[in-house]
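**Q** For reference, the file final-v9.cif (mmCIF, C-alpha atoms) is included below:
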data_protein
#
loop_
_atom_site.label_atom_id
_atom_site.label_comp_id
_atom_site.auth_asym_id
_atom_site.auth_seq_id
_atom_site.Cartn_x
_atom_site.Cartn_y
_atom_site.Cartn_z
CA MET A 86 -6.65 -28.90 6.29
CA ARG A 87 -4.20 -28.13 9.08
CA SER A 88 -2.85 -24.77 10.15
CA THR A 89 0.61 -24.49 11.61
CA GLY A 90 1.38 -22.30 14.58
CA ASP A 91 2.72 -19.44 12.49
CA GLY A 92 -0.48 -19.12 10.46
CA THR A 93 0.62 -21.09 7.43
CA ALA A 94 -1.33 -24.01 6.10
CA ALA A 95 -0.10 -27.56 5.80
CA GLY A 96 -1.29 -29.12 2.57
CA GLY A 97 -4.14 -26.77 1.79
CA PRO A 98 -5.40 -23.17 1.74
CA TYR A 99 -3.42 -20.56 3.61
CA ALA A 100 -4.88 -19.37 6.93
CA LEU A 101 -4.43 -15.66 7.56
CA GLN A 102 -3.78 -15.34 11.28
CA GLY A 103 -1.94 -12.75 13.32
CA GLY A 104 -0.82 -10.77 10.29
CA ALA A 105 1.50 -13.52 9.01
CA SER A 106 3.00 -12.82 5.60
CA ALA A 107 2.45 -15.07 2.62
CA ASP A 108 4.08 -18.50 2.67
CA PRO A 109 6.34 -18.87 -0.41
CA ALA A 110 4.89 -22.35 -0.92
CA VAL A 111 1.47 -20.79 -1.30
CA LYS A 112 2.75 -18.30 -3.87
CA ALA A 113 4.16 -21.21 -5.84
CA ARG A 114 0.67 -22.73 -6.03
CA VAL A 115 -0.92 -19.69 -7.67
CA ALA A 116 -3.00 -20.87 -10.62
CA ALA A 117 -4.34 -18.60 -13.33
CA GLN A 118 -8.12 -18.22 -13.29
CA GLY A 119 -8.66 -16.18 -16.43
CA ALA A 120 -7.08 -12.88 -17.29
CA PRO A 121 -6.23 -10.71 -14.28
CA PRO A 122 -8.10 -7.44 -13.92
CA ARG A 123 -6.32 -4.63 -15.70
CA GLU A 124 -4.95 -1.59 -13.95
CA PRO A 125 -7.58 1.13 -13.48
CA ALA A 126 -7.75 3.71 -16.24
CA ALA A 127 -6.32 7.21 -15.92
CA GLY A 128 -2.87 6.35 -14.71
CA GLY A 129 -3.08 3.27 -12.50
CA THR A 130 -3.02 2.86 -8.76
CA GLU A 131 0.06 4.96 -7.98
CA GLN A 132 -0.87 8.11 -9.90
CA VAL A 133 -4.55 8.56 -9.03
CA GLY A 134 -6.08 9.00 -5.59
CA TYR A 135 -9.65 9.18 -4.36
CA ARG A 136 -11.05 11.35 -1.59
CA GLY A 137 -13.02 9.93 1.30
CA PRO A 138 -16.55 10.41 -0.08
CA THR A 139 -15.53 8.82 -3.39
CA ALA A 140 -13.90 5.86 -1.62
CA CYS A 141 -17.07 5.41 0.46
CA ALA A 142 -19.30 5.41 -2.61
CA ALA A 143 -17.16 2.86 -4.45
CA ALA A 144 -16.70 0.58 -1.42
CA GLY A 145 -20.30 0.78 -0.20
CA ILE A 146 -19.47 2.08 3.27
CA THR A 147 -20.38 5.14 5.34
CA TYR A 148 -18.02 8.02 5.96
CA ARG A 149 -18.20 7.23 9.68
CA GLN A 150 -16.86 3.74 8.96
CA LEU A 151 -14.12 5.12 6.73
CA ASP A 152 -13.05 7.65 9.36
CA TYR A 153 -13.08 5.09 12.18
CA TRP A 154 -11.08 2.53 10.21
CA ALA A 155 -8.49 5.19 9.33
CA ARG A 156 -8.18 6.46 12.91
CA THR A 157 -7.82 2.92 14.31
CA GLY A 158 -5.31 1.89 11.65
CA LEU A 159 -7.53 -0.82 10.12
CA VAL A 160 -7.46 0.70 6.63
CA GLU A 161 -5.36 3.83 6.31
CA PRO A 162 -5.09 5.87 3.10
CA SER A 163 -1.83 4.97 1.41
CA VAL A 164 -1.68 8.02 -0.88
CA ARG A 165 -2.20 10.80 1.66
CA PRO A 166 -3.32 10.70 5.31
CA ALA A 167 -5.26 13.53 6.92
CA TYR A 168 -3.04 16.23 8.43
CA GLY A 169 -5.06 18.39 10.80
CA SER A 170 -8.42 20.03 10.28
CA GLY A 171 -9.51 20.60 6.72
CA SER A 172 -7.01 18.25 5.07
CA GLN A 173 -8.32 15.50 2.81
CA ARG A 174 -7.35 11.84 2.96
CA LEU A 175 -6.51 10.34 -0.41
CA TYR A 176 -7.02 6.62 -1.05
CA SER A 177 -5.45 4.49 -3.77
CA PHE A 178 -7.37 2.06 -5.95
CA ARG A 179 -6.01 -0.85 -3.90
CA ASP A 180 -7.14 0.90 -0.70
CA VAL A 181 -10.70 1.07 -2.02
CA VAL A 182 -10.65 -2.63 -2.93
CA VAL A 183 -9.48 -3.42 0.61
CA LEU A 184 -12.23 -1.22 2.09
CA LYS A 185 -14.88 -3.15 0.17
CA ILE A 186 -13.45 -6.49 1.29
CA VAL A 187 -13.31 -5.34 4.93
CA LYS A 188 -16.98 -4.35 4.71
CA ARG A 189 -17.91 -7.83 3.47
CA LEU A 190 -15.84 -9.56 6.16
CA LEU A 191 -17.42 -7.46 8.90
CA ASP A 192 -20.91 -8.11 7.56
CA THR A 193 -20.31 -11.86 7.86
CA GLY A 194 -19.08 -11.67 11.44
CA VAL A 195 -15.33 -12.19 11.00
CA SER A 196 -13.35 -11.04 14.03
CA LEU A 197 -11.47 -7.75 13.87
CA GLN A 198 -8.18 -9.53 14.62
CA ASN A 199 -8.57 -11.78 11.58
CA ILE A 200 -9.69 -8.86 9.42
CA ARG A 201 -6.52 -6.98 10.37
CA ALA A 202 -4.50 -10.04 9.35
CA ALA A 203 -6.35 -10.21 6.04
CA VAL A 204 -5.76 -6.48 5.38
CA ALA A 205 -2.03 -6.83 6.06
CA HIS A 206 -1.91 -9.83 3.74
CA LEU A 207 -3.75 -8.05 0.93
CA ARG A 208 -1.42 -5.06 1.16
CA ALA A 209 1.66 -7.28 1.05
CA ARG A 210 0.72 -9.20 -2.10
CA GLU A 211 1.50 -8.30 -5.68
CA LEU A 212 -1.38 -7.04 -7.80
CA ASP A 213 -1.27 -10.13 -10.03
CA ASP A 214 -1.60 -12.31 -6.92
CA LEU A 215 -4.74 -10.44 -5.85
CA ALA A 216 -6.29 -11.13 -9.23
CA GLN A 217 -6.14 -14.88 -8.57
CA MET A 218 -7.10 -14.83 -4.90
CA THR A 219 -10.26 -16.01 -3.17
CA LEU A 220 -10.72 -15.30 0.53
CA MET A 221 -12.75 -17.94 2.38
CA SER A 222 -13.91 -17.78 5.97
CA ASP A 223 -15.77 -19.88 8.51
CA GLY A 224 -16.49 -16.73 10.54
CA ALA A 225 -13.49 -17.32 12.80
CA THR A 226 -10.53 -17.64 10.42
CA VAL A 227 -9.86 -16.15 6.99
CA TYR A 228 -8.15 -18.40 4.45
CA GLU A 229 -6.48 -17.57 1.14
CA CYS A 230 -7.23 -19.87 -1.77
CA THR A 231 -5.36 -19.41 -5.03
CA SER A 232 -6.80 -22.28 -7.05
CA PRO A 233 -10.20 -23.97 -7.49
CA ASP A 234 -8.79 -27.13 -5.88
CA GLU A 235 -7.97 -25.24 -2.68
CA VAL A 236 -11.50 -23.85 -2.52
CA VAL A 237 -12.91 -27.37 -2.89
CA ASP A 238 -10.54 -28.71 -0.22
CA LEU A 239 -11.68 -26.04 2.21
CA LEU A 240 -15.36 -26.62 1.55
CA GLN A 241 -14.98 -30.39 1.90
CA GLY A 242 -13.29 -29.82 5.24
CA GLY A 243 -16.38 -28.00 6.45
CA GLN A 244 -14.42 -24.83 7.21
CA GLY A 245 -15.40 -22.36 4.50
CA VAL A 246 -18.89 -20.94 4.68
CA PHE A 247 -18.46 -17.97 2.34
CA GLY A 248 -15.95 -16.70 -0.14
CA ILE A 249 -14.82 -13.39 -1.62
CA ALA A 250 -13.27 -13.46 -5.08
CA VAL A 251 -10.87 -10.53 -4.92
CA GLY A 252 -10.77 -10.21 -8.71
CA VAL A 253 -14.55 -9.71 -8.77
CA VAL A 254 -14.34 -7.04 -6.05
CA TRP A 255 -11.58 -5.39 -8.08
CA ARG A 256 -13.83 -5.17 -11.15
CA ASP A 257 -16.75 -3.86 -9.09
CA VAL A 258 -14.59 -1.10 -7.64
CA GLU A 259 -13.08 -0.28 -11.02
CA SER A 260 -16.56 0.06 -12.51
CA ALA A 261 -17.73 2.32 -9.66
CA LEU A 262 -14.63 4.55 -9.75
CA SER A 263 -14.89 4.95 -13.53
CA GLN A 264 -17.98 7.08 -12.85
CA LEU A 265 -16.54 9.03 -9.90
CA HIS A 266 -13.97 11.81 -9.69
CA GLY A 267 -10.35 11.07 -8.93
CA GLU A 268 -7.31 13.25 -8.26
CA ARG A 269 -3.88 13.14 -9.83
CA VAL A 270 -1.33 12.57 -7.08
CA ASP A 271 1.45 14.54 -8.79
CA THR A 272 -0.50 17.68 -9.78
CA GLY A 273 -3.64 17.61 -7.62
CA GLU A 274 -5.73 17.94 -10.79
CA THR A 275 -9.30 16.66 -10.46
CA LEU A 276 -10.13 13.93 -12.97
CA VAL A 277 -13.77 14.34 -13.94
CA ARG A 278 -15.40 11.04 -14.84
CA HIS A 279 -18.39 10.48 -17.08
CA ASN A 280 -21.33 9.57 -14.87
CA PRO A 281 -24.47 8.39 -16.73
CA THR A 282 -26.57 9.29 -13.68
CA ASP A 283 -25.41 12.91 -13.83
CA GLU A 284 -26.18 13.05 -17.54
CA LEU A 285 -29.68 11.67 -16.98
CA ALA A 286 -30.34 14.26 -14.27
CA ALA A 287 -29.15 17.04 -16.59
CA ARG A 288 -31.51 15.87 -19.33
CA ARG A 289 -34.42 15.83 -16.92
CA ASN A 290 -33.60 19.37 -15.78
CA ARG A 291 -33.46 20.58 -19.39
CA ALA A 292 -36.76 18.84 -20.16
CA GLY A 293 -38.37 20.49 -17.12
#
Let me see the file written as structure tokens.

**A**
Amino acid sequence: MRSTGDGTAAGGPYALQGGASADPAVKARVAAQGAPPREPAAGGTEQVGYRGPTACAAAGITYRQLDYWARTGLVEPSVRPAYGSGSQRLYSFRDVVVLKIVKRLLDTGVSLQNIRAAVAHLRARELDDLAQMTLMSDGATVYECTSPDEVVDLLQGGQGVFGIAVGVVWRDVESALSQLHGERVDTGETLVRHNPTDELAARRNRAG
């Protein structure tokens, strides 16, 4: 596996370095790995937003992390940024997926520079591309793999020590958000989700 100077890969997985955009040759190698995750319920990624506490709960991060990443431009809310005191950031479904991936990359010691490159890459790709993507890292560089063969090539080269299947993260986030409240972007209406935990607590209160 060789990486060229502009961050593209020669004959193998694509190395995400310096915020380089996707190499068209890599996009041509995308191979289907089962059905892509469906759009989230209740209107899809463009019509529903999630407030900070909800994004934190679904991504498994603290509000301090969320706030710091927004203020430093690592992961900014794409639906609505915070305007002054009292305003609420609003994150899209894709934003929450990216937050969860950033958390995993940080936990494994990937450098902030490479995480920024990975975030830019994830935001630039089509949703169907994300469904097929696996991010691999050796702790220094993040690589995109879009087929099982590319994952094998990277592992055989001794470079990949962990991987993140973006489609799996997508489903995890979708499952979490299905039990949390969202907000319609066009009307500001709160979308109340069915949360089994809330129902269990209500039953216990009634029984008491």

**Q** Using only C-alpha atoms, list the residues that have an atom at most 12 Å from (-16.8, -4.6, -9.8), coordinates as in the file, as a ChimeraX atom specification.

**A** /A:122,125,143-145,181-182,185-186,250-263

**Q** Point out the residue among A:Pro138, A:Pro162, A:Gly273, A:Gly224 with the least atom-to-atom distance to A:Phe247, counting all atoms listed in the file.

**A**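 Once distances to A:Phe247 are computed over all atoms listed in the file, the minimum belongs to A:Gly224.
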
**Q** Between A:Thr139, A:Asn199, A:Thr147, A:Gln241, which one has atoms that come closest to A:Tyr228, using all atoms listed in the file?

**A**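 Checking each of A:Thr139, A:Asn199, A:Thr147, A:Gln241 against A:Tyr228, counting all atoms listed in the file, the winner is A:Asn199.
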
**Q** Quick check, in Å to one decimal: how far apart do atom CA of A:His206 and atom CA of A:Val183 lie?

**A** 10.4 Å

**Q** List as a PDB file with C-alpha atoms, in the coordinates of the input the protein and nucleic acid residues near A:Val133, meaning an atom at most 7 Å away when all atoms listed in the file are counted, but skip any in the same chain fewer than 5 places from it.

**A**
ATOM      1  CA  GLY A 128      -2.870   6.350 -14.710  1.00  0.00           C
ATOM      2  CA  SER A 177      -5.450   4.490  -3.770  1.00  0.00           C
ATOM      3  CA  GLY A 267     -10.350  11.070  -8.930  1.00  0.00           C
ATOM      4  CA  GLU A 268      -7.310  13.250  -8.260  1.00  0.00           C
ATOM      5  CA  ARG A 269      -3.880  13.140  -9.830  1.00  0.00           C
ATOM      6  CA  VAL A 270      -1.330  12.570  -7.080  1.00  0.00           C
TER       7      VAL A 270
END

**Q** Excluding stretch 207-209 of chain A and residues on its chain fewer than 3 positions from it, collect all residues at most 12 Å away from it, counting all atoms listed in the file, and give them as number ranges by chain.

**A** A: 101, 104-108, 159-163, 177-184, 186-187, 200-204, 212-220, 227-229, 251
